[in-house]
Amino acid sequence: MSYGMVLGLPLTFGGPHYGFTRGPIGFAAAVVGAGLLAFGVWSLFQMRGPRHLRPRI
């Protein structure tokens, strides 16, 4: 979860900046960053566990 958040955010937002200013590889980094960020968010929701204190009937 932490790798997805820590690496996903900078790559997602820094990738397009690098792509516009230096080279097209930045856009590929943005796609990878978005995937890592999505994985981090998914992992975060998986770690939260069930929301209900008592089971639904």
# chains A, B, ... in the order shown; residues from 1 in each chain; ligands from 1
call {"tool": "residues_around", "arguments": {"residues": "Val31 in chain A", "least_positions_apart": "3", "cutoff": "9 Å", "atoms": "only C-alpha atoms", "output": "number ranges by chain"}}
result
A: 11-12, 15, 26-28, 34-36
call {"tool": "write_last_selection", "arguments": {"atoms": "N, CA and C atoms", "output": "PDB file, in the first residue's frame"}}
result
ATOM      1  N   LEU A  11       4.836  10.066  -9.544  1.00  0.00           N
ATOM      2  CA  LEU A  11       4.880   9.658 -10.944  1.00  0.00           C
ATOM      3  C   LEU A  11       3.651  10.131 -11.706  1.00  0.00           C
ATOM      4  N   THR A  12       2.503  10.105 -11.057  1.00  0.00           N
ATOM      5  CA  THR A  12       1.271  10.513 -11.728  1.00  0.00           C
ATOM      6  C   THR A  12       1.285  11.997 -12.078  1.00  0.00           C
ATOM      7  N   GLY A  15       5.025  12.952 -14.041  1.00  0.00           N
ATOM      8  CA  GLY A  15       5.211  12.354 -15.361  1.00  0.00           C
ATOM      9  C   GLY A  15       4.781  13.259 -16.504  1.00  0.00           C
ATOM     10  N   GLY A  26       7.978  10.580 -19.982  1.00  0.00           N
ATOM     11  CA  GLY A  26       7.233  11.057 -18.823  1.00  0.00           C
ATOM     12  C   GLY A  26       5.778  10.646 -18.851  1.00  0.00           C
ATOM     13  N   PHE A  27       5.197  10.568 -20.043  1.00  0.00           N
ATOM     14  CA  PHE A  27       3.795  10.151 -20.146  1.00  0.00           C
ATOM     15  C   PHE A  27       3.639   8.678 -19.781  1.00  0.00           C
ATOM     16  N   ALA A  28       4.634   7.871 -20.130  1.00  0.00           N
ATOM     17  CA  ALA A  28       4.612   6.463 -19.726  1.00  0.00           C
ATOM     18  C   ALA A  28       4.737   6.349 -18.210  1.00  0.00           C
ATOM     19  N   ALA A  34      -0.198   6.157 -12.242  1.00  0.00           N
ATOM     20  CA  ALA A  34      -1.638   6.026 -12.018  1.00  0.00           C
ATOM     21  C   ALA A  34      -1.990   4.596 -11.619  1.00  0.00           C
ATOM     22  N   GLY A  35      -1.328   3.627 -12.229  1.00  0.00           N
ATOM     23  CA  GLY A  35      -1.559   2.236 -11.848  1.00  0.00           C
ATOM     24  C   GLY A  35      -1.114   1.948 -10.425  1.00  0.00           C
ATOM     25  N   LEU A  36       0.058   2.472 -10.049  1.00  0.00           N
ATOM     26  CA  LEU A  36       0.540   2.289  -8.685  1.00  0.00           C
ATOM     27  C   LEU A  36      -0.367   2.981  -7.673  1.00  0.00           C
TER      28      LEU A  36
END
call {"tool": "atom_distance", "arguments": {"atom1": "CA of Val32 in chain A", "atom2": "CA of Phe20 in chain A"}}
result
16.6 Å
call {"tool": "residues_around", "arguments": {"residues": "Gly4 in chain A", "least_positions_apart": "4", "cutoff": "6 Å", "atoms": "only C-alpha atoms", "output": "number ranges by chain"}}
result
A: 8, 36-37, 39-40
call {"tool": "write_last_selection", "arguments": {"atoms": "N, CA and C atoms", "output": "mmCIF file, in the first residue's frame"}}
result
data_model
loop_
_atom_site.group_PDB
_atom_site.id
_atom_site.type_symbol
_atom_site.label_atom_id
_atom_site.label_comp_id
_atom_site.auth_asym_id
_atom_site.auth_seq_id
_atom_site.Cartn_x
_atom_site.Cartn_y
_atom_site.Cartn_z
ATOM 1 N N GLY A 8 3.298 6.315 -6.492
ATOM 2 C CA GLY A 8 2.231 6.629 -7.426
ATOM 3 C C GLY A 8 1.944 8.113 -7.564
ATOM 4 N N LEU A 36 0.058 2.472 -10.049
ATOM 5 C CA LEU A 36 0.540 2.289 -8.685
ATOM 6 C C LEU A 36 -0.367 2.981 -7.673
ATOM 7 N N LEU A 37 -0.845 4.159 -8.023
ATOM 8 C CA LEU A 37 -1.742 4.883 -7.125
ATOM 9 C C LEU A 37 -3.060 4.139 -6.955
ATOM 10 N N PHE A 39 -3.449 0.921 -7.235
ATOM 11 C CA PHE A 39 -3.138 -0.244 -6.411
ATOM 12 C C PHE A 39 -3.012 0.144 -4.941
ATOM 13 N N GLY A 40 -2.411 1.284 -4.657
ATOM 14 C CA GLY A 40 -2.284 1.748 -3.280
ATOM 15 C C GLY A 40 -3.619 2.047 -2.642
#
call {"tool": "closest_residue", "arguments": {"among": "A:Thr21, A:Gly49, A:Gly33, A:Val41", "to": "Leu7 in chain A", "atoms": "only C-alpha atoms"}}
result
A:Gly33
call {"tool": "atom_distance", "arguments": {"atom1": "CA of Arg48 in chain A", "atom2": "CA of Met1 in chain A"}}
result
11.7 Å
call {"tool": "atom_distance", "arguments": {"atom1": "CA of Ile25 in chain A", "atom2": "CA of Ser2 in chain A"}}
result
24.1 Å
call {"tool": "select_by_dssp", "arguments": {"residues": "chain A", "states": "alpha helix (DSSP H)", "output": "number ranges by chain"}}
result
A: 2-21, 25-48
